[in-house]
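A short write-up of the structure that comes next.
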Amino acid sequence: MIITLKDGDVTIALRPDLAPKHVEQIKKLVRQGAYDNVAFHRVIDGFMAQTGDVKFGNSSKPSFAPSRAGMGGSEKPDLKAEFSNANHARGTCSMARSQNPNSANSQFFICFDDAAFLNRQYTVWGQVIEGMDNVDKIKRGEPVQDPDKIVSLKVAADVK
């Protein structure tokens with residue numbers, strides 16, 4: 001997948017071998033354009049950048065509510081956890097969820113640094129293979145004031 005950010009592109013290698021249902025759902029949402037204009041609502045230095053609230057975090061939709069970003073998902077059903085032994089290292093893409101392990105829907109995060117304490121508790125679905133320097137430039141905050149957004153998110157195979 002290719003995420004276009006304000007500072008440039010980020011290429012993510014998908015891991016359907018680890019999380020086939022999560023990869024499938026993300027690809028469906030990407031192909032609907034659901035992630036375009038979605039804010040990075042929770043960005044913690046040295047930890048991760050979280051985005052993907054397609055309900056309250058999309059700045060181009062009437063439902064955009066910065067104070068509620070992080071509380072929504074998509075119209076698709078929540079997913080059963082697909083935990084693995086994959087390490088949450090720098091550049092790991094993993095699903096955000098509530099306390100319920102089977103509550104991942106559309107939100108995800110990208111690790112800035114090693115976060116091994118998340119291993120086997122969150123579903124890893126991808127790995128940044130290019131452009132991590134652009135992820136490093138995402139504006140920090142919890143919540144983020146005037147947050148950076150996903151300009152666009154595409155499945156690389158669909159880009160001509």
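Order determines the names: the first chain of the structure tokens is A, the second B, and so forth; residues in each chain are numbered 1 upward, and ligands are numbered 1 upward as they are shown.
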* Asked: What lies within 12 Å of range 52-63 of chain A using only C-alpha atoms, ignoring chain neighbours under 5 positions off, as a ChimeraX atom specification?
  -> /A:3,26,29-30,32-42,68-76,93-97,104-110,143-144,146-153
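In the backbone-derived DSSP annotation, alpha helix (DSSP H) within range 84-140 of chain A comprises Met132, Asp133, Asn134 and Val135 of chain A.
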Identify, with DSSP run on backbone atoms, the residues in chain A assigned to strand (DSSP E or B), and express the list as a compact mmCIF listing (two decimals) with all heavy atoms, in the first residue's frame.
# COMPACT_ATOMS: atom_id res chain seq x y z
N ILE A 2 0.33 2.31 -0.51
CA ILE A 2 1.06 3.58 -0.53
C ILE A 2 0.21 4.64 0.17
O ILE A 2 -0.90 4.94 -0.27
CB ILE A 2 1.36 4.01 -1.97
CG1 ILE A 2 2.19 2.94 -2.68
CG2 ILE A 2 2.09 5.36 -1.98
CD1 ILE A 2 2.28 3.11 -4.17
N ILE A 3 0.75 5.15 1.28
CA ILE A 3 0.12 6.26 1.99
C ILE A 3 0.82 7.53 1.54
O ILE A 3 2.05 7.63 1.66
CB ILE A 3 0.28 6.14 3.52
CG1 ILE A 3 -0.32 4.86 4.06
CG2 ILE A 3 -0.35 7.35 4.23
CD1 ILE A 3 -0.13 4.67 5.57
N THR A 4 0.05 8.48 1.06
CA THR A 4 0.62 9.79 0.75
C THR A 4 0.35 10.70 1.95
O THR A 4 -0.81 10.88 2.36
CB THR A 4 0.00 10.38 -0.54
OG1 THR A 4 0.30 9.48 -1.61
CG2 THR A 4 0.58 11.75 -0.84
N LEU A 5 1.44 11.24 2.51
CA LEU A 5 1.37 12.19 3.62
C LEU A 5 1.83 13.55 3.10
O LEU A 5 2.36 13.65 2.00
CB LEU A 5 2.29 11.74 4.77
CG LEU A 5 2.01 10.36 5.36
CD1 LEU A 5 3.07 10.02 6.41
CD2 LEU A 5 0.62 10.31 5.97
N GLY A 8 5.39 13.32 1.95
CA GLY A 8 5.79 12.32 0.97
C GLY A 8 5.10 10.98 1.18
O GLY A 8 4.25 10.84 2.06
N ASP A 9 5.50 10.02 0.38
CA ASP A 9 4.86 8.71 0.39
C ASP A 9 5.50 7.75 1.39
O ASP A 9 6.68 7.85 1.71
CB ASP A 9 4.92 8.08 -1.00
CG ASP A 9 3.99 8.76 -2.00
OD1 ASP A 9 3.13 9.55 -1.57
OD2 ASP A 9 4.12 8.49 -3.20
N VAL A 10 4.66 6.80 1.83
CA VAL A 10 5.08 5.72 2.72
C VAL A 10 4.58 4.43 2.07
O VAL A 10 3.40 4.31 1.76
CB VAL A 10 4.45 5.88 4.13
CG1 VAL A 10 4.85 4.73 5.03
CG2 VAL A 10 4.82 7.23 4.74
N THR A 11 5.48 3.48 1.88
CA THR A 11 5.11 2.20 1.29
C THR A 11 5.03 1.15 2.39
O THR A 11 5.96 1.01 3.19
CB THR A 11 6.14 1.76 0.23
OG1 THR A 11 6.25 2.79 -0.75
CG2 THR A 11 5.70 0.46 -0.45
N ILE A 12 3.90 0.45 2.42
CA ILE A 12 3.66 -0.59 3.43
C ILE A 12 3.51 -1.93 2.74
O ILE A 12 2.69 -2.08 1.82
CB ILE A 12 2.39 -0.28 4.25
CG1 ILE A 12 2.55 1.02 5.02
CG2 ILE A 12 2.06 -1.44 5.20
CD1 ILE A 12 1.28 1.50 5.69
N ALA A 13 4.32 -2.91 3.17
CA ALA A 13 4.15 -4.29 2.71
C ALA A 13 3.08 -4.94 3.57
O ALA A 13 3.19 -4.94 4.80
CB ALA A 13 5.47 -5.04 2.82
N LEU A 14 2.05 -5.46 2.93
CA LEU A 14 0.97 -6.11 3.66
C LEU A 14 1.40 -7.50 4.11
O LEU A 14 2.24 -8.14 3.48
CB LEU A 14 -0.28 -6.21 2.78
CG LEU A 14 -0.86 -4.87 2.32
CD1 LEU A 14 -2.00 -5.09 1.35
CD2 LEU A 14 -1.32 -4.05 3.52
N VAL A 38 -8.18 11.30 6.41
CA VAL A 38 -8.39 10.89 7.81
C VAL A 38 -7.18 11.33 8.65
O VAL A 38 -6.03 11.13 8.28
CB VAL A 38 -8.62 9.37 7.92
CG1 VAL A 38 -8.65 8.92 9.38
CG2 VAL A 38 -9.92 8.99 7.23
N ALA A 39 -7.49 11.94 9.78
CA ALA A 39 -6.47 12.53 10.66
C ALA A 39 -5.69 11.48 11.45
O ALA A 39 -6.22 10.41 11.78
CB ALA A 39 -7.14 13.48 11.65
N ARG A 42 -3.91 10.53 17.30
CA ARG A 42 -3.15 10.21 18.51
C ARG A 42 -1.73 9.85 18.08
O ARG A 42 -1.52 8.79 17.48
CB ARG A 42 -3.83 9.05 19.23
CG ARG A 42 -3.20 8.64 20.53
CD ARG A 42 -4.09 7.59 21.22
NE ARG A 42 -3.48 7.10 22.42
CZ ARG A 42 -3.11 5.84 22.62
NH1 ARG A 42 -3.33 4.92 21.70
NH2 ARG A 42 -2.54 5.49 23.74
N VAL A 43 -0.79 10.73 18.38
CA VAL A 43 0.59 10.54 17.92
C VAL A 43 1.52 10.78 19.10
O VAL A 43 1.66 11.91 19.58
CB VAL A 43 0.92 11.50 16.75
CG1 VAL A 43 2.31 11.21 16.21
CG2 VAL A 43 -0.12 11.39 15.63
N ILE A 44 2.13 9.70 19.58
CA ILE A 44 2.95 9.76 20.79
C ILE A 44 4.42 9.54 20.40
O ILE A 44 4.78 8.48 19.88
CB ILE A 44 2.49 8.70 21.80
CG1 ILE A 44 1.00 8.91 22.13
CG2 ILE A 44 3.35 8.75 23.06
CD1 ILE A 44 0.38 7.78 22.94
N MET A 48 4.02 5.68 18.75
CA MET A 48 3.29 5.37 17.53
C MET A 48 2.43 6.55 17.07
O MET A 48 2.18 7.49 17.82
CB MET A 48 2.42 4.13 17.71
CG MET A 48 1.41 4.18 18.82
SD MET A 48 -0.16 4.86 18.27
CE MET A 48 -0.68 5.71 19.74
N ALA A 49 1.98 6.44 15.79
CA ALA A 49 1.04 7.38 15.18
C ALA A 49 -0.22 6.60 14.84
O ALA A 49 -0.17 5.63 14.09
CB ALA A 49 1.64 7.99 13.92
N GLN A 50 -1.36 7.03 15.41
CA GLN A 50 -2.63 6.32 15.21
C GLN A 50 -3.55 7.12 14.31
O GLN A 50 -3.68 8.34 14.44
CB GLN A 50 -3.30 6.06 16.55
CG GLN A 50 -4.56 5.22 16.45
CD GLN A 50 -5.10 4.81 17.81
OE1 GLN A 50 -4.35 4.69 18.79
NE2 GLN A 50 -6.40 4.59 17.89
N THR A 51 -4.23 6.41 13.41
CA THR A 51 -5.15 7.01 12.45
C THR A 51 -6.23 5.98 12.12
O THR A 51 -6.35 4.96 12.78
CB THR A 51 -4.39 7.44 11.16
OG1 THR A 51 -5.29 8.14 10.30
CG2 THR A 51 -3.79 6.26 10.44
N ASN A 58 -12.41 11.81 9.46
CA ASN A 58 -12.27 12.22 8.06
C ASN A 58 -12.68 13.68 7.90
O ASN A 58 -13.85 14.02 7.98
CB ASN A 58 -13.12 11.33 7.16
CG ASN A 58 -12.86 11.57 5.70
OD1 ASN A 58 -12.58 12.69 5.28
ND2 ASN A 58 -12.95 10.53 4.90
N LEU A 79 -13.46 -7.05 13.75
CA LEU A 79 -12.75 -8.26 13.36
C LEU A 79 -12.29 -9.07 14.57
O LEU A 79 -11.91 -8.51 15.59
CB LEU A 79 -11.52 -7.88 12.52
CG LEU A 79 -11.84 -7.20 11.19
CD1 LEU A 79 -10.60 -6.50 10.66
CD2 LEU A 79 -12.36 -8.22 10.20
N THR A 92 6.24 -1.08 12.15
CA THR A 92 5.16 -2.07 12.17
C THR A 92 3.82 -1.37 12.10
O THR A 92 3.59 -0.36 12.77
CB THR A 92 5.24 -2.92 13.45
OG1 THR A 92 6.47 -3.64 13.45
CG2 THR A 92 4.08 -3.89 13.57
N CYS A 93 2.91 -1.93 11.29
CA CYS A 93 1.53 -1.43 11.18
C CYS A 93 0.64 -2.45 11.88
O CYS A 93 0.67 -3.64 11.56
CB CYS A 93 1.14 -1.29 9.72
SG CYS A 93 2.21 -0.19 8.80
N SER A 94 -0.15 -1.97 12.83
CA SER A 94 -0.95 -2.85 13.66
C SER A 94 -2.31 -2.22 13.90
O SER A 94 -2.46 -1.00 13.81
CB SER A 94 -0.21 -3.09 14.98
OG SER A 94 -0.77 -4.13 15.73
N MET A 95 -3.29 -3.04 14.20
CA MET A 95 -4.65 -2.54 14.41
C MET A 95 -4.85 -1.98 15.81
O MET A 95 -4.41 -2.57 16.79
CB MET A 95 -5.67 -3.66 14.19
CG MET A 95 -5.74 -4.16 12.76
SD MET A 95 -6.14 -2.89 11.54
CE MET A 95 -7.91 -2.76 11.77
N ALA A 104 -11.11 -4.66 16.69
CA ALA A 104 -10.44 -3.90 15.62
C ALA A 104 -11.40 -3.73 14.45
O ALA A 104 -12.16 -4.64 14.12
CB ALA A 104 -9.17 -4.62 15.18
N PHE A 108 -5.75 2.06 12.86
CA PHE A 108 -4.47 1.39 12.94
C PHE A 108 -3.40 2.36 13.40
O PHE A 108 -3.63 3.57 13.47
CB PHE A 108 -4.08 0.75 11.60
CG PHE A 108 -3.83 1.72 10.48
CD1 PHE A 108 -2.56 2.23 10.23
CD2 PHE A 108 -4.87 2.10 9.63
CE1 PHE A 108 -2.32 3.11 9.18
CE2 PHE A 108 -4.63 2.98 8.58
CZ PHE A 108 -3.35 3.48 8.35
N PHE A 109 -2.24 1.82 13.72
CA PHE A 109 -1.12 2.66 14.13
C PHE A 109 0.16 2.15 13.49
O PHE A 109 0.26 0.98 13.09
CB PHE A 109 -0.99 2.73 15.66
CG PHE A 109 -0.81 1.41 16.36
CD1 PHE A 109 0.46 0.90 16.61
CD2 PHE A 109 -1.91 0.67 16.78
CE1 PHE A 109 0.63 -0.31 17.26
CE2 PHE A 109 -1.75 -0.54 17.43
CZ PHE A 109 -0.48 -1.04 17.68
N ILE A 110 1.12 3.06 13.39
CA ILE A 110 2.45 2.76 12.88
C ILE A 110 3.43 3.05 14.01
O ILE A 110 3.43 4.15 14.56
CB ILE A 110 2.79 3.61 11.64
CG1 ILE A 110 1.74 3.42 10.54
CG2 ILE A 110 4.20 3.28 11.14
CD1 ILE A 110 1.89 4.38 9.37
N CYS A 111 4.25 2.06 14.35
CA CYS A 111 5.21 2.22 15.45
C CYS A 111 6.39 3.09 15.02
O CYS A 111 7.00 2.85 13.98
CB CYS A 111 5.72 0.86 15.91
SG CYS A 111 4.47 -0.20 16.64
N VAL A 124 -0.86 -7.42 13.95
CA VAL A 124 0.09 -6.85 12.99
C VAL A 124 -0.38 -7.23 11.59
O VAL A 124 -0.63 -8.40 11.30
CB VAL A 124 1.51 -7.41 13.23
CG1 VAL A 124 2.47 -6.94 12.13
CG2 VAL A 124 2.02 -6.99 14.60
N TRP A 125 -0.50 -6.22 10.71
CA TRP A 125 -0.97 -6.49 9.34
C TRP A 125 -0.03 -5.94 8.26
O TRP A 125 -0.26 -6.17 7.07
CB TRP A 125 -2.37 -5.93 9.14
CG TRP A 125 -2.47 -4.45 9.38
CD1 TRP A 125 -2.81 -3.83 10.55
CD2 TRP A 125 -2.20 -3.39 8.46
NE1 TRP A 125 -2.77 -2.47 10.40
CE2 TRP A 125 -2.40 -2.17 9.11
CE3 TRP A 125 -1.81 -3.37 7.11
CZ2 TRP A 125 -2.23 -0.95 8.50
CZ3 TRP A 125 -1.64 -2.14 6.49
CH2 TRP A 125 -1.85 -0.95 7.19
N GLY A 126 1.01 -5.21 8.66
CA GLY A 126 1.91 -4.66 7.64
C GLY A 126 3.20 -4.13 8.24
O GLY A 126 3.36 -4.08 9.46
N GLN A 127 4.10 -3.73 7.34
CA GLN A 127 5.40 -3.19 7.73
C GLN A 127 5.80 -2.10 6.75
O GLN A 127 5.75 -2.31 5.54
CB GLN A 127 6.46 -4.30 7.72
CG GLN A 127 7.86 -3.85 8.09
CD GLN A 127 7.97 -3.43 9.55
OE1 GLN A 127 7.41 -4.06 10.44
NE2 GLN A 127 8.70 -2.36 9.80
N VAL A 128 6.18 -0.93 7.27
CA VAL A 128 6.70 0.14 6.41
C VAL A 128 8.02 -0.33 5.83
O VAL A 128 8.93 -0.75 6.57
CB VAL A 128 6.90 1.45 7.20
CG1 VAL A 128 7.58 2.50 6.34
CG2 VAL A 128 5.56 1.98 7.72
N ILE A 129 8.13 -0.29 4.50
CA ILE A 129 9.37 -0.69 3.84
C ILE A 129 10.06 0.48 3.15
O ILE A 129 11.22 0.37 2.74
CB ILE A 129 9.14 -1.84 2.82
CG1 ILE A 129 8.10 -1.46 1.77
CG2 ILE A 129 8.76 -3.12 3.56
CD1 ILE A 129 7.98 -2.45 0.62
N GLU A 130 9.35 1.61 3.06
CA GLU A 130 9.94 2.82 2.48
C GLU A 130 9.16 4.03 2.98
O GLU A 130 7.95 3.97 3.12
CB GLU A 130 9.85 2.74 0.95
CG GLU A 130 10.69 3.76 0.22
CD GLU A 130 10.62 3.54 -1.29
OE1 GLU A 130 10.61 2.39 -1.74
OE2 GLU A 130 10.57 4.56 -2.01
N GLY A 141 0.88 14.63 19.36
CA GLY A 141 -0.13 15.11 20.29
C GLY A 141 -1.11 14.01 20.66
O GLY A 141 -1.25 13.02 19.96
N LYS A 149 -2.89 14.57 8.20
CA LYS A 149 -3.88 13.63 7.66
C LYS A 149 -3.25 12.71 6.64
O LYS A 149 -2.20 13.01 6.08
CB LYS A 149 -5.02 14.41 6.99
CG LYS A 149 -5.78 15.31 7.93
CD LYS A 149 -6.74 16.20 7.17
CE LYS A 149 -7.39 17.21 8.07
NZ LYS A 149 -6.50 18.29 8.48
N SER A 152 -3.82 10.50 0.83
CA SER A 152 -4.50 9.40 0.15
C SER A 152 -3.84 8.09 0.55
O SER A 152 -2.69 8.06 0.98
CB SER A 152 -4.45 9.58 -1.38
OG SER A 152 -3.16 9.32 -1.87
N LEU A 153 -4.61 7.03 0.42
CA LEU A 153 -4.12 5.68 0.71
C LEU A 153 -4.60 4.80 -0.42
O LEU A 153 -5.79 4.76 -0.73
CB LEU A 153 -4.65 5.21 2.06
CG LEU A 153 -4.21 3.84 2.57
CD1 LEU A 153 -2.71 3.65 2.50
CD2 LEU A 153 -4.68 3.65 4.00
N LYS A 154 -3.65 4.13 -1.08
CA LYS A 154 -3.96 3.30 -2.25
C LYS A 154 -3.33 1.92 -2.09
O LYS A 154 -2.28 1.76 -1.47
CB LYS A 154 -3.39 3.92 -3.52
CG LYS A 154 -3.83 5.36 -3.78
CD LYS A 154 -5.25 5.43 -4.28
CE LYS A 154 -5.64 6.85 -4.61
NZ LYS A 154 -6.94 7.22 -4.08
* What does the distance between CA of Pro77 in chain A and CA of Ala157 in chain A come to in Å, to one decimal place? ->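 These two atoms are separated by 25.0 Å.
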* Have a look at A:Arg140, A:Lys80, A:Arg90, A:Arg120 and name the one nearest to Asp45 in chain A; count only C-alpha atoms. =>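 For Asp45 in chain A, the nearest of the candidates is A:Arg140.
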* Asked: Which one of A:Met1, A:Leu18, A:Ala81, A:Ala156 sits closest to Asn100 in chain A if you count only C-alpha atoms?
  ->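 Counting only C-alpha atoms, the residue closest to Asn100 in chain A is A:Ala81.
Each of A:Asp7, A:Phe117, A:Thr123, A:Phe47 was compared to Lys21 in chain A using only C-alpha atoms, and A:Thr123 turns out to be the nearest.
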* Just how far from CA of Asn119 in chain A is CA of Gln99 in chain A, in Å to one decimal? ->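 Computing it gives 15.1 Å between the two atoms.
Distance-wise, CA of Tyr122 in chain A and CA of Val155 in chain A end up 22.5 Å apart.
Nearest residue to Ala116 in chain A, choosing from A:Gln145, A:Asn85, A:Asn134, A:Ser103 and counting only C-alpha atoms: A:Asn85.
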